[in-house]
file model_18.cif (mmCIF, C-alpha atoms and all ligand atoms)
data_model
loop_
_atom_site.label_atom_id
_atom_site.label_comp_id
_atom_site.auth_asym_id
_atom_site.auth_seq_id
_atom_site.Cartn_x
_atom_site.Cartn_y
_atom_site.Cartn_z
CA MET A 30 0.00 0.00 0.00
CA GLU A 31 1.37 3.38 -0.95
CA ASN A 32 1.48 6.11 1.66
CA PRO A 33 -1.48 8.40 0.85
CA PHE A 34 0.14 11.49 2.34
CA LYS A 35 2.77 13.71 0.83
CA PHE A 36 4.74 16.58 2.26
CA GLY A 37 7.72 18.71 1.31
CA SER A 38 7.06 19.36 -2.34
CA ILE A 39 4.34 20.55 -4.64
CA VAL A 40 1.16 18.53 -4.32
CA ASP A 41 -1.44 17.83 -6.96
CA ASN A 42 -4.23 15.39 -7.79
CA GLU A 43 -5.00 12.97 -4.94
CA PHE A 44 -2.62 14.79 -2.56
CA PHE A 45 -4.28 18.15 -3.03
CA THR A 46 -7.42 19.07 -1.15
CA ASP A 47 -9.82 21.97 -1.15
CA ARG A 48 -8.62 25.44 -2.27
CA VAL A 49 -11.57 25.30 -4.66
CA LYS A 50 -12.44 28.96 -4.27
CA GLU A 51 -8.85 30.09 -4.44
CA THR A 52 -8.15 27.98 -7.54
CA ALA A 53 -11.22 29.35 -9.32
CA TYR A 54 -10.31 32.87 -8.29
CA ILE A 55 -6.78 32.64 -9.69
CA CYS A 56 -8.03 30.97 -12.89
CA ASN A 57 -10.43 33.80 -13.43
CA PHE A 58 -7.91 36.42 -12.42
CA LEU A 59 -5.59 35.26 -15.17
CA ASN A 60 -8.18 36.37 -17.71
CA SER A 61 -7.46 39.93 -16.71
CA ARG A 62 -4.34 41.89 -17.54
CA ASN A 63 -3.43 42.22 -13.91
CA HIS A 64 -0.75 40.67 -11.77
CA LEU A 65 -1.19 38.67 -8.60
CA VAL A 66 0.83 38.72 -5.40
CA LEU A 67 0.28 35.72 -3.17
CA ILE A 68 1.53 35.80 0.41
CA SER A 69 1.47 33.24 3.21
CA PRO A 70 3.83 31.83 5.80
CA ARG A 71 6.09 29.02 4.61
CA ARG A 72 4.60 25.78 3.38
CA PHE A 73 0.96 26.82 3.40
CA GLY A 74 0.58 25.60 -0.19
CA LYS A 75 1.26 28.66 -2.37
CA SER A 76 3.24 26.90 -5.09
CA SER A 77 0.83 23.96 -5.25
CA LEU A 78 -2.18 26.23 -5.50
CA VAL A 79 -0.74 28.46 -8.19
CA LEU A 80 0.41 25.53 -10.33
CA LYS A 81 -2.99 23.90 -10.01
CA ALA A 82 -4.76 27.09 -11.04
CA VAL A 83 -2.47 27.79 -13.99
CA LYS A 84 -2.86 24.22 -15.26
CA GLN A 85 -6.61 24.36 -14.78
CA ALA A 86 -6.72 27.61 -16.74
CA ASN A 87 -4.77 25.81 -19.43
CA ARG A 88 -2.19 28.55 -19.63
CA LYS A 89 1.40 28.43 -20.70
CA TYR A 90 3.65 29.29 -17.78
CA ILE A 91 7.21 29.44 -16.59
CA ARG A 92 8.32 29.35 -13.01
CA LEU A 93 11.45 30.49 -11.22
CA ASN A 94 12.40 30.43 -7.55
CA LEU A 95 14.38 33.56 -6.71
CA GLN A 96 16.05 31.74 -3.82
CA LYS A 97 18.08 29.91 -6.45
CA VAL A 98 19.20 33.08 -8.20
CA THR A 99 22.64 34.45 -7.34
CA SER A 100 22.97 37.63 -9.42
CA ILE A 101 21.21 39.72 -12.06
CA SER A 102 22.94 37.91 -14.91
CA ASP A 103 22.08 34.57 -13.29
CA PHE A 104 18.46 35.75 -13.11
CA ALA A 105 18.47 36.57 -16.82
CA ALA A 106 20.08 33.21 -17.65
CA LYS A 107 17.70 31.16 -15.50
CA LEU A 108 14.67 32.95 -16.89
CA LEU A 109 15.89 32.37 -20.43
CA THR A 110 16.39 28.68 -19.62
CA GLU A 111 12.76 28.44 -18.49
CA VAL A 112 11.55 30.17 -21.66
CA TYR A 113 13.75 27.85 -23.70
CA ASN A 114 12.18 24.82 -22.01
CA ALA A 115 8.67 26.10 -22.63
CA HIS A 116 9.02 26.96 -26.31
CA PRO A 117 10.34 25.43 -29.48
CA TRP A 118 13.84 26.82 -29.98
CA GLU A 119 13.08 27.79 -33.57
CA LYS A 120 10.63 30.35 -32.32
CA LEU A 121 13.23 32.01 -30.10
CA LYS A 122 16.38 31.68 -32.15
CA GLN A 123 15.98 34.84 -34.23
CA GLN A 124 15.34 36.90 -31.13
CA VAL A 125 18.27 35.50 -29.20
CA MET A 126 20.57 36.31 -32.12
CA LYS A 127 19.64 39.94 -31.62
CA PHE A 128 20.66 39.98 -27.96
CA ARG A 129 23.31 42.55 -27.10
CA VAL A 130 25.20 39.87 -25.17
CA ILE A 131 24.85 36.47 -26.84
CA PRO A 132 24.18 33.70 -24.31
CA THR A 133 26.12 30.45 -24.23
CA ILE A 134 23.96 27.37 -24.51
CA SER A 135 25.32 23.99 -23.54
CA ASN A 136 24.19 20.54 -22.61
CA ASN A 137 24.98 19.35 -19.09
CA GLN A 138 26.82 16.05 -19.60
CA VAL A 139 25.54 14.56 -16.36
CA THR A 140 21.89 15.61 -16.25
CA GLY A 141 21.35 16.18 -19.95
CA ALA A 142 19.66 19.48 -19.11
CA ILE A 143 20.20 22.61 -21.18
CA GLU A 144 22.36 25.22 -19.47
CA ILE A 145 22.27 28.85 -20.50
CA GLY A 146 24.76 31.42 -19.27
CA PHE A 147 25.98 34.92 -20.03
CA GLN A 148 29.54 36.13 -20.24
CA PRO A 149 30.31 38.60 -17.45
CA THR A 150 29.30 42.10 -18.46
CA HIS A 151 29.50 45.44 -16.69
CA ASP A 152 25.93 46.31 -17.68
CA GLN A 153 23.66 43.56 -16.41
CA ARG A 154 20.60 45.62 -17.23
CA VAL A 155 20.90 44.80 -20.93
CA LEU A 156 20.75 41.07 -20.15
CA LEU A 157 17.49 41.48 -18.28
CA GLU A 158 16.03 43.83 -20.86
CA ASP A 159 16.81 41.44 -23.70
CA VAL A 160 15.37 38.39 -21.94
CA PHE A 161 12.20 40.24 -20.90
CA SER A 162 11.66 41.65 -24.36
CA LEU A 163 12.10 38.15 -25.78
CA ILE A 164 9.34 36.98 -23.43
CA GLU A 165 7.17 39.88 -24.53
CA ASN A 166 7.78 39.28 -28.24
CA ALA A 167 7.25 35.53 -28.07
CA HIS A 168 3.69 36.08 -26.77
CA THR A 169 0.62 38.10 -27.63
CA GLU A 170 -2.03 40.00 -25.75
CA LYS A 171 -4.41 37.14 -26.39
CA GLU A 172 -2.00 34.41 -25.34
CA ARG A 173 -0.21 35.91 -22.43
CA LEU A 174 2.48 33.92 -20.68
CA VAL A 175 2.13 33.36 -16.94
CA VAL A 176 5.41 34.06 -15.20
CA ILE A 177 5.54 32.72 -11.66
CA LEU A 178 8.32 34.12 -9.50
CA ASP A 179 8.58 32.21 -6.24
CA GLU A 180 10.13 33.63 -3.05
CA PHE A 181 9.91 37.05 -4.65
CA GLN A 182 11.14 38.83 -1.51
CA GLU A 183 14.62 37.50 -2.39
CA ILE A 184 14.76 40.18 -5.08
CA ARG A 185 16.25 42.47 -2.43
CA ALA A 186 19.01 40.03 -1.58
CA ILE A 187 20.06 39.43 -5.20
CA SER A 188 21.01 43.04 -5.87
CA PRO A 189 19.96 46.39 -4.40
CA ILE A 190 19.28 47.77 -7.88
CA LEU A 191 17.22 44.85 -9.16
CA GLU A 192 13.86 45.90 -7.74
CA LYS A 193 13.80 49.23 -9.52
CA MET A 194 15.25 47.79 -12.71
CA LEU A 195 12.70 45.00 -12.84
CA ARG A 196 9.72 47.19 -12.16
CA ALA A 197 10.71 49.52 -15.00
CA ILE A 198 10.95 46.59 -17.40
CA MET A 199 7.86 44.73 -16.20
CA GLN A 200 5.48 47.64 -16.35
CA GLU A 201 6.10 47.97 -20.08
CA GLN A 202 4.99 44.42 -20.77
CA LYS A 203 1.55 43.57 -22.09
CA HIS A 204 1.91 39.89 -22.89
CA VAL A 205 2.56 38.54 -19.42
CA ASN A 206 0.60 37.86 -16.24
CA TYR A 207 2.93 37.83 -13.27
CA ILE A 208 2.25 35.79 -10.18
CA LEU A 209 4.64 36.76 -7.43
CA LEU A 210 4.82 34.49 -4.39
CA GLY A 211 6.44 35.13 -1.08
CA SER A 212 6.58 33.74 2.41
CA GLN A 213 8.06 36.61 4.32
CA GLU A 214 5.01 38.57 5.19
CA SER A 215 6.78 41.69 6.41
CA MET A 216 9.12 41.98 3.47
CA MET A 217 6.45 41.17 0.89
CA THR A 218 4.14 43.75 2.41
CA ASP A 219 6.92 46.31 2.30
CA ILE A 220 7.67 45.53 -1.35
CA PHE A 221 4.05 45.89 -2.45
CA GLU A 222 2.46 48.22 0.08
CA ASN A 223 5.13 50.77 0.80
CA VAL A 224 4.56 53.91 -1.28
CA LYS A 225 8.29 54.34 -1.70
CA SER A 226 8.85 50.86 -3.07
CA PRO A 227 9.16 50.39 -6.86
CA PHE A 228 6.61 47.56 -6.74
CA TYR A 229 4.05 49.60 -4.82
CA HIS A 230 0.57 48.39 -5.87
CA PHE A 231 2.01 46.33 -8.72
CA GLY A 232 -0.60 43.62 -8.38
CA GLU A 233 -3.50 42.37 -6.37
CA LEU A 234 -2.54 41.10 -2.96
CA MET A 235 -3.93 37.72 -1.92
CA ARG A 236 -3.23 36.13 1.44
CA LEU A 237 -3.43 32.37 1.69
CA GLN A 238 -4.79 30.89 4.92
CA LYS A 239 -4.35 27.40 6.36
CA LEU A 240 -6.63 24.71 4.93
CA PRO A 241 -10.24 24.76 6.17
CA ARG A 242 -10.76 22.26 8.94
CA ASP A 243 -13.79 20.39 7.59
CA GLU A 244 -12.25 19.58 4.22
CA PHE A 245 -8.94 18.67 5.77
CA GLU A 246 -10.67 16.39 8.26
CA GLU A 247 -12.44 14.57 5.48
CA TYR A 248 -9.19 14.30 3.53
CA LEU A 249 -7.42 12.70 6.49
CA GLU A 250 -10.31 10.49 7.49
CA THR A 251 -10.73 8.91 4.05
CA ARG A 252 -7.03 8.14 3.83
CA PHE A 253 -6.80 6.87 7.41
CA ASN A 254 -9.79 4.62 6.94
CA PRO A 255 -8.10 1.55 5.37
CA VAL A 256 -5.70 1.30 8.33
CA PHE A 257 -7.41 2.92 11.31
CA HIS A 258 -11.01 2.01 10.51
CA LYS A 259 -13.39 3.27 13.23
CA GLN A 260 -10.69 5.36 14.85
CA SER A 261 -10.14 7.39 11.67
CA LYS A 262 -12.38 10.35 12.39
CA GLU A 263 -11.13 10.77 15.91
CA LEU A 264 -7.51 10.51 14.82
CA ALA A 265 -8.08 13.01 12.02
CA ASN A 266 -9.39 15.48 14.56
CA GLN A 267 -6.54 14.87 16.96
CA VAL A 268 -4.06 15.53 14.18
CA LEU A 269 -5.74 18.78 13.19
CA ASP A 270 -5.89 19.94 16.80
CA TYR A 271 -2.20 19.27 17.05
CA THR A 272 -1.11 20.91 13.80
CA ALA A 273 -3.77 23.65 13.83
CA CYS A 274 -4.57 22.71 10.19
CA HIS A 275 -1.12 23.64 8.91
CA PRO A 276 -1.03 21.94 5.47
CA TYR A 277 2.56 20.71 5.54
CA TYR A 278 2.82 19.58 9.19
CA THR A 279 -0.56 17.89 8.98
CA GLN A 280 0.56 15.83 6.01
CA GLU A 281 3.87 15.06 7.73
CA LEU A 282 2.22 13.83 10.91
CA ALA A 283 -0.47 11.84 9.08
CA SER A 284 2.14 10.27 6.86
CA ARG A 285 4.21 9.14 9.84
CA MET A 286 1.18 7.70 11.65
CA TRP A 287 0.18 5.79 8.57
CA GLN A 288 3.71 4.46 8.15
CA ILE A 289 4.03 3.33 11.77
CA SER A 290 0.75 1.49 11.71
CA VAL A 291 1.42 -0.23 8.40
CA LEU A 292 4.96 -1.25 9.30
CA THR A 293 4.49 -2.22 12.94
CA ASN A 294 0.79 -2.83 13.35
CA VAL A 295 0.91 -0.65 16.44
CA MET A 296 -2.42 1.10 16.87
CA SER A 297 -2.40 2.51 20.38
CA ASP A 298 -1.01 5.93 21.11
CA ILE A 299 -0.24 6.22 17.44
CA MET A 300 -0.13 10.01 17.20
CA GLN A 301 2.19 10.39 20.17
CA SER A 302 4.53 7.75 18.74
CA ALA A 303 4.58 9.59 15.42
CA ILE A 304 5.28 12.93 17.11
CA ARG A 305 8.12 11.38 19.12
CA GLU A 306 9.66 9.93 15.96
CA ILE A 307 9.44 13.18 14.03
CA VAL A 308 10.91 15.21 16.88
CA GLU A 309 13.76 12.71 17.21
CA THR A 310 14.47 12.90 13.48
CA HIS A 311 14.85 16.66 13.73
CA ASP A 312 16.65 16.69 17.08
CA LEU A 313 20.05 17.75 15.74
CA SER A 314 18.76 20.49 13.48
CA TYR A 315 16.47 21.83 16.21
CA GLU A 316 19.44 21.92 18.57
CA ARG A 317 21.46 23.87 16.01
CA ILE A 318 18.63 26.31 15.37
CA TRP A 319 18.10 26.78 19.09
CA LEU A 320 21.71 27.63 19.82
CA ASN A 321 21.59 30.45 17.30
CA PHE A 322 18.82 32.33 19.10
CA ASN A 323 19.62 35.10 21.54
CA ARG A 324 18.31 34.92 25.13
CA THR A 325 15.21 37.03 24.53
CA ASP A 326 14.22 34.95 21.51
CA MET A 327 14.71 31.76 23.51
CA TRP A 328 12.55 33.13 26.28
CA VAL A 329 9.79 34.22 23.89
CA LEU A 330 9.83 30.85 22.10
CA GLN A 331 9.60 28.98 25.39
CA ARG A 332 6.65 31.11 26.50
CA LEU A 333 4.89 30.66 23.16
CA ALA A 334 5.50 26.91 23.25
CA ALA A 335 3.94 26.72 26.69
CA GLN A 336 1.14 29.03 25.55
CA ALA A 337 2.03 31.30 28.43
CA GLU A 338 1.56 35.04 28.81
CA LEU A 339 4.39 37.20 27.43
CA GLN A 340 3.70 40.42 29.31
CA ILE A 341 4.74 39.35 32.78
CA GLY A 342 7.31 42.04 33.42
CA GLU A 343 10.33 39.86 32.62
CA TYR A 344 11.07 41.88 29.48
CA ARG A 345 9.92 45.29 28.30
CA THR A 346 7.04 45.30 25.81
CA SER A 347 9.24 46.83 23.12
CA THR A 348 11.86 44.09 23.62
CA ILE A 349 9.24 41.36 23.31
CA TYR A 350 7.80 43.05 20.25
CA SER A 351 11.22 43.23 18.56
CA ALA A 352 11.83 39.57 19.33
CA LEU A 353 8.47 38.61 17.83
CA LYS A 354 9.22 40.63 14.70
CA ARG A 355 12.63 38.97 14.42
CA LEU A 356 11.17 35.50 14.88
CA GLN A 357 8.43 36.19 12.36
CA HIS A 358 11.04 37.41 9.93
CA SER A 359 13.02 34.19 10.30
CA GLY A 360 9.79 32.18 9.96
CA HIS A 361 9.89 30.51 13.38
CA VAL A 362 6.83 32.37 14.60
CA ILE A 363 3.71 33.06 12.58
CA TYR A 364 0.76 35.28 13.31
CA THR A 365 -2.67 34.01 12.41
CA ASP A 366 -5.16 35.06 15.08
CA ARG A 367 -2.34 35.04 17.62
CA TYR A 368 1.40 34.52 17.70
CA GLU A 369 2.31 30.85 17.49
CA LEU A 370 5.28 28.67 16.76
CA GLU A 371 5.33 27.80 13.09
CA ASP A 372 6.47 24.22 13.60
CA PRO A 373 4.45 22.14 16.08
CA PHE A 374 7.29 19.60 16.31
CA PHE A 375 9.82 22.28 17.20
CA LYS A 376 7.33 23.37 19.82
CA ALA A 377 7.23 19.79 21.17
CA TRP A 378 11.04 19.71 21.15
CA ILE A 379 11.22 22.95 23.14
CA LEU A 380 8.70 21.65 25.65
CA THR A 381 10.48 18.36 26.24
CA LYS A 382 14.08 19.61 26.14
CA LEU A 383 13.75 22.69 28.23
N1 LIG C 401 -4.16 21.90 -1.08
C1 LIG C 401 -3.41 21.09 -0.33
N2 LIG C 401 -3.89 19.92 0.11
C2 LIG C 401 -3.16 19.10 0.87
N3 LIG C 401 -1.90 19.37 1.26
C3 LIG C 401 -1.35 20.52 0.87
C4 LIG C 401 -2.07 21.45 0.05
N4 LIG C 401 -1.28 22.50 -0.19
C5 LIG C 401 -0.12 22.27 0.45
N5 LIG C 401 -0.15 21.08 1.09
C6 LIG C 401 0.95 20.51 1.92
O1 LIG C 401 1.90 21.53 2.18
C7 LIG C 401 3.17 21.22 1.58
C8 LIG C 401 3.80 22.48 1.04
O2 LIG C 401 3.11 22.94 -0.13
P1 LIG C 401 3.76 24.01 -1.11
O3 LIG C 401 5.15 23.65 -1.40
O4 LIG C 401 2.81 24.20 -2.22
O5 LIG C 401 3.71 25.27 -0.14
P2 LIG C 401 4.46 26.68 -0.30
O6 LIG C 401 3.63 27.67 0.46
O7 LIG C 401 4.76 26.95 -1.70
O8 LIG C 401 5.80 26.34 0.49
P3 LIG C 401 7.20 27.17 0.51
O9 LIG C 401 7.01 28.25 1.51
O10 LIG C 401 8.19 26.13 0.99
O11 LIG C 401 7.45 27.65 -0.88
C9 LIG C 401 2.85 20.16 0.53
O12 LIG C 401 3.96 19.31 0.29
C10 LIG C 401 1.70 19.41 1.16
O13 LIG C 401 2.16 18.48 2.11
MG MG C 402 6.61 27.34 -2.70
#

call {"tool": "encode", "arguments": {"input": "model_18.cif", "output": "structure tokens", "more": "lines below"}}
Ligand SMILES: Nc1ncnc2c1ncn2[C@@H]1O[C@H](COP(=O)(O)OP(=O)(O)OP(=O)(O)O)[C@@H](O)[C@H]1O
Ligand SMILES: [Mg+2]
result
Amino acid sequence: MENPFKFGSIVDNEFFTDRVKETAYICNFLNSRNHLVLISPRRFGKSSLVLKAVKQANRKYIRLNLQKVTSISDFAAKLLTEVYNAHPWEKLKQQVMKFRVIPTISNNQVTGAIEIGFQPTHDQRVLLEDVFSLIENAHTEKERLVVILDEFQEIRAISPILEKMLRAIMQEQKHVNYILLGSQESMMTDIFENVKSPFYHFGELMRLQKLPRDEFEEYLETRFNPVFHKQSKELANQVLDYTACHPYYTQELASRMWQISVLTNVMSDIMQSAIREIVETHDLSYERIWLNFNRTDMWVLQRLAAQAELQIGEYRTSTIYSALKRLQHSGHVIYTDRYELEDPFFKAWILTKL
């Protein structure tokens, strides 16, 4: 029997649940000439949702994760590679020949993948301009390309001049719908909501929430049923209480419970056994993460893990607030209706270790 749960990468088909409204909304949105900005904490399902919607809308798309981009010329090269993979080369060849800096195209001997690069140049702007105008020219107003840029907040880390440069180029385009995804709430908000930012009001802002409880419960229950039978509904609810409906951690926990029961036939205390196993697996990395926090952060995390009051006079309000901002920025704390630890297993680790 194959494990019916999947976590850690993009999910589709039988691993994807709900998001019906969001999928329909994005599909429909792509009929307009506008751009979409999708924000949520890490691993809420942004990439999966966007890919599902774009496929459902039957639109041609390319996708690039800015976390993998190291410089402006690397950005231009990676984008060109994606365009190359999405189109017949014949269609692009003439355009590429007109580039001010001709790219090198080679075949990776090991992976067989096409690799495109640019010779170093002192004016990286021309590389970007040429690649973006190729994208524009290879499409039409009727058949716009969807360009998905994941972890868009990284734009600021790639180069301080990139944001302004990109905005100037992108606003001239008519044959593209951009979908910009990001998981750092504060930085994404600053990029798109700050009047002084080049991307101010560039697109419509959409915030993705956790999965709705009812649908997620049904998803878990149906998949638990072949192994947990009558216990399935109760277990599904216990899991969702524990993970607070976080898409990724829910799938991780459910997957581990399923695995334990299938491999060992153990049925009692199954969720606690799974939690223990997961926490143990991550023990070393949690330890490493923990040792990098300063004392205030450690204190705040411990209080949040124990669901204890923060304003008890131990630290000044402004100090606590700065720590929360810092921890949100690094992704360890998220704010939904209250501040909470992002990872329920890290929370369990903190509670048992400390
Ligand atoms: N609609 C869904 N139904 C079921 N599980 C989902 C759904 N969306 C996401 N998940 C779970 O969350 C995990 C992360 O999804 P995805 O990679 O799409 O999120 P993300 O927000 O793009 O993450 P990241 O912040 O790492 O880019 C998936 O591997 C899956 O386990
Ligand atoms: Mg993603």

call {"tool": "residues_around", "arguments": {"input": "model_18.cif", "residues": "Ser212 of chain A", "least_positions_apart": "5", "cutoff": "10 Å", "atoms": "all atoms listed in the file", "output": "ChimeraX atom specification"}}
result
/A:67-73,75,179-182,217,358,360

call {"tool": "residues_around", "arguments": {"input": "model_18.cif", "residues": "segment 133-144 of chain A", "least_positions_apart": "3", "cutoff": "8 Å", "atoms": "all atoms listed in the file", "output": "MDAnalysis selection string"}}
result
chainID A and resid 110 147:148

call {"tool": "closest_atom_pairs", "arguments": {"input": "model_18.cif", "of": "segment 179-296 of chain A", "to": "segment 152-158 of chain A", "cutoff": "10 Å", "atoms": "all atoms listed in the file", "output": "JSON lines"}}
result
{"residue": "A:Ile190", "atom": "CA", "partner": "A:Arg154", "partner_atom": "CA", "distance": 9.7}
{"residue": "A:Leu191", "atom": "CA", "partner": "A:Arg154", "partner_atom": "CA", "distance": 8.8}
{"residue": "A:Met194", "atom": "CA", "partner": "A:Arg154", "partner_atom": "CA", "distance": 7.3}
{"residue": "A:Leu195", "atom": "CA", "partner": "A:Leu157", "partner_atom": "CA", "distance": 8.1}
{"residue": "A:Ala197", "atom": "CA", "partner": "A:Glu158", "partner_atom": "CA", "distance": 9.7}
{"residue": "A:Ile198", "atom": "CA", "partner": "A:Glu158", "partner_atom": "CA", "distance": 6.7}
{"residue": "A:Met199", "atom": "CA", "partner": "A:Glu158", "partner_atom": "CA", "distance": 9.4}

call {"tool": "residues_near_ligand", "arguments": {"input": "model_18.cif", "ligand": "ligand LIG 401 (chain C)", "cutoff": "6 Å", "atoms": "all atoms listed in the file", "output": "PyMOL selection string"}}
result
chain A and resi 35-40+44-48+71-77+212+276-277+280

call {"tool": "residues_around", "arguments": {"input": "model_18.cif", "residues": "Glu244 of chain A", "least_positions_apart": "2", "cutoff": "12 Å", "atoms": "only C-alpha atoms", "output": "ChimeraX atom specification"}}
result
/A:45-49,239-242,246-251,265-266,269,274,276

call {"tool": "write_last_selection", "arguments": {"input": "model_18.cif", "atoms": "C-alpha atoms", "output": "short mmCIF file (atom, residue, chain, number, x, y, z; two decimals), in the frame of the given file"}}
result
data_model
loop_
_atom_site.label_atom_id
_atom_site.label_comp_id
_atom_site.auth_asym_id
_atom_site.auth_seq_id
_atom_site.Cartn_x
_atom_site.Cartn_y
_atom_site.Cartn_z
CA PHE A 45 -4.28 18.15 -3.03
CA THR A 46 -7.42 19.07 -1.15
CA ASP A 47 -9.82 21.97 -1.15
CA ARG A 48 -8.62 25.44 -2.27
CA VAL A 49 -11.57 25.30 -4.66
CA LYS A 239 -4.35 27.40 6.36
CA LEU A 240 -6.63 24.71 4.93
CA PRO A 241 -10.24 24.76 6.17
CA ARG A 242 -10.76 22.26 8.94
CA GLU A 246 -10.67 16.39 8.26
CA GLU A 247 -12.44 14.57 5.48
CA TYR A 248 -9.19 14.30 3.53
CA LEU A 249 -7.42 12.70 6.49
CA GLU A 250 -10.31 10.49 7.49
CA THR A 251 -10.73 8.91 4.05
CA ALA A 265 -8.08 13.01 12.02
CA ASN A 266 -9.39 15.48 14.56
CA LEU A 269 -5.74 18.78 13.19
CA CYS A 274 -4.57 22.71 10.19
CA PRO A 276 -1.03 21.94 5.47
#

call {"tool": "closest_residue", "arguments": {"input": "model_18.cif", "among": "A:Gln213, A:Thr99, A:Asn321, A:Asn32", "to": "ligand MG 402 (chain C)", "atoms": "only C-alpha atoms and all ligand atoms"}}
result
A:Gln213

call {"tool": "closest_residue", "arguments": {"input": "model_18.cif", "among": "A:Leu210, A:Val125, A:Leu109, A:Ile55", "to": "ligand MG 402 (chain C)", "atoms": "all atoms listed in the file"}}
result
A:Leu210

call {"tool": "residues_near_point", "arguments": {"input": "model_18.cif", "point": "(3.7, 30.2, -8.7)", "cutoff": "9 Å", "atoms": "only C-alpha atoms", "output": "PDB file with C-alpha atoms, keeping the file's coordinate frame"}}
result
ATOM      1  CA  LEU A  67       0.280  35.720  -3.170  1.00  0.00           C
ATOM      2  CA  LYS A  75       1.260  28.660  -2.370  1.00  0.00           C
ATOM      3  CA  SER A  76       3.240  26.900  -5.090  1.00  0.00           C
ATOM      4  CA  SER A  77       0.830  23.960  -5.250  1.00  0.00           C
ATOM      5  CA  LEU A  78      -2.180  26.230  -5.500  1.00  0.00           C
ATOM      6  CA  VAL A  79      -0.740  28.460  -8.190  1.00  0.00           C
ATOM      7  CA  LEU A  80       0.410  25.530 -10.330  1.00  0.00           C
ATOM      8  CA  VAL A  83      -2.470  27.790 -13.990  1.00  0.00           C
ATOM      9  CA  ILE A  91       7.210  29.440 -16.590  1.00  0.00           C
ATOM     10  CA  ARG A  92       8.320  29.350 -13.010  1.00  0.00           C
ATOM     11  CA  LEU A  93      11.450  30.490 -11.220  1.00  0.00           C
ATOM     12  CA  ASN A  94      12.400  30.430  -7.550  1.00  0.00           C
ATOM     13  CA  VAL A 175       2.130  33.360 -16.940  1.00  0.00           C
ATOM     14  CA  VAL A 176       5.410  34.060 -15.200  1.00  0.00           C
ATOM     15  CA  ILE A 177       5.540  32.720 -11.660  1.00  0.00           C
ATOM     16  CA  LEU A 178       8.320  34.120  -9.500  1.00  0.00           C
ATOM     17  CA  ASP A 179       8.580  32.210  -6.240  1.00  0.00           C
ATOM     18  CA  TYR A 207       2.930  37.830 -13.270  1.00  0.00           C
ATOM     19  CA  ILE A 208       2.250  35.790 -10.180  1.00  0.00           C
ATOM     20  CA  LEU A 209       4.640  36.760  -7.430  1.00  0.00           C
ATOM     21  CA  LEU A 210       4.820  34.490  -4.390  1.00  0.00           C
TER      22      LEU A 210
END

call {"tool": "closest_residue", "arguments": {"input": "model_18.cif", "among": "A:Leu95, A:Val291, A:Ala377, A:Leu59", "to": "ligand MG 402 (chain C)", "atoms": "only C-alpha atoms and all ligand atoms"}}
result
A:Leu95

call {"tool": "build_atoms", "arguments": {"input": "model_18.cif", "residues": "segment 332-343 of chain A", "atoms": "N, CA and C atoms", "output": "PDB file, in the frame of the given file"}}
result
ATOM      1  N   ARG A 332       7.971  30.649  26.032  1.00  0.00           N
ATOM      2  CA  ARG A 332       6.650  31.110  26.500  1.00  0.00           C
ATOM      3  C   ARG A 332       5.580  30.756  25.470  1.00  0.00           C
ATOM      4  N   LEU A 333       5.885  30.970  24.195  1.00  0.00           N
ATOM      5  CA  LEU A 333       4.890  30.660  23.160  1.00  0.00           C
ATOM      6  C   LEU A 333       4.608  29.158  23.121  1.00  0.00           C
ATOM      7  N   ALA A 334       5.675  28.365  23.272  1.00  0.00           N
ATOM      8  CA  ALA A 334       5.500  26.910  23.250  1.00  0.00           C
ATOM      9  C   ALA A 334       4.584  26.466  24.387  1.00  0.00           C
ATOM     10  N   ALA A 335       4.757  27.092  25.522  1.00  0.00           N
ATOM     11  CA  ALA A 335       3.940  26.720  26.690  1.00  0.00           C
ATOM     12  C   ALA A 335       2.595  27.441  26.693  1.00  0.00           C
ATOM     13  N   GLN A 336       2.339  28.198  25.665  1.00  0.00           N
ATOM     14  CA  GLN A 336       1.140  29.030  25.550  1.00  0.00           C
ATOM     15  C   GLN A 336       0.955  29.895  26.806  1.00  0.00           C
ATOM     16  N   ALA A 337       2.061  30.489  27.221  1.00  0.00           N
ATOM     17  CA  ALA A 337       2.030  31.300  28.430  1.00  0.00           C
ATOM     18  C   ALA A 337       2.067  32.787  28.073  1.00  0.00           C
ATOM     19  N   GLU A 338       1.612  33.584  28.964  1.00  0.00           N
ATOM     20  CA  GLU A 338       1.560  35.040  28.810  1.00  0.00           C
ATOM     21  C   GLU A 338       2.981  35.592  28.560  1.00  0.00           C
ATOM     22  N   LEU A 339       3.074  36.602  27.690  1.00  0.00           N
ATOM     23  CA  LEU A 339       4.390  37.200  27.430  1.00  0.00           C
ATOM     24  C   LEU A 339       4.636  38.439  28.301  1.00  0.00           C
ATOM     25  N   GLN A 340       3.561  39.161  28.558  1.00  0.00           N
ATOM     26  CA  GLN A 340       3.700  40.420  29.310  1.00  0.00           C
ATOM     27  C   GLN A 340       3.670  40.159  30.801  1.00  0.00           C
ATOM     28  N   ILE A 341       4.761  39.612  31.347  1.00  0.00           N
ATOM     29  CA  ILE A 341       4.740  39.350  32.780  1.00  0.00           C
ATOM     30  C   ILE A 341       5.807  40.182  33.497  1.00  0.00           C
ATOM     31  N   GLY A 342       6.344  41.153  32.796  1.00  0.00           N
ATOM     32  CA  GLY A 342       7.310  42.040  33.420  1.00  0.00           C
ATOM     33  C   GLY A 342       8.745  41.572  33.317  1.00  0.00           C
ATOM     34  N   GLU A 343       8.962  40.383  32.767  1.00  0.00           N
ATOM     35  CA  GLU A 343      10.330  39.860  32.620  1.00  0.00           C
ATOM     36  C   GLU A 343      11.116  40.697  31.609  1.00  0.00           C
TER      37      GLU A 343
END
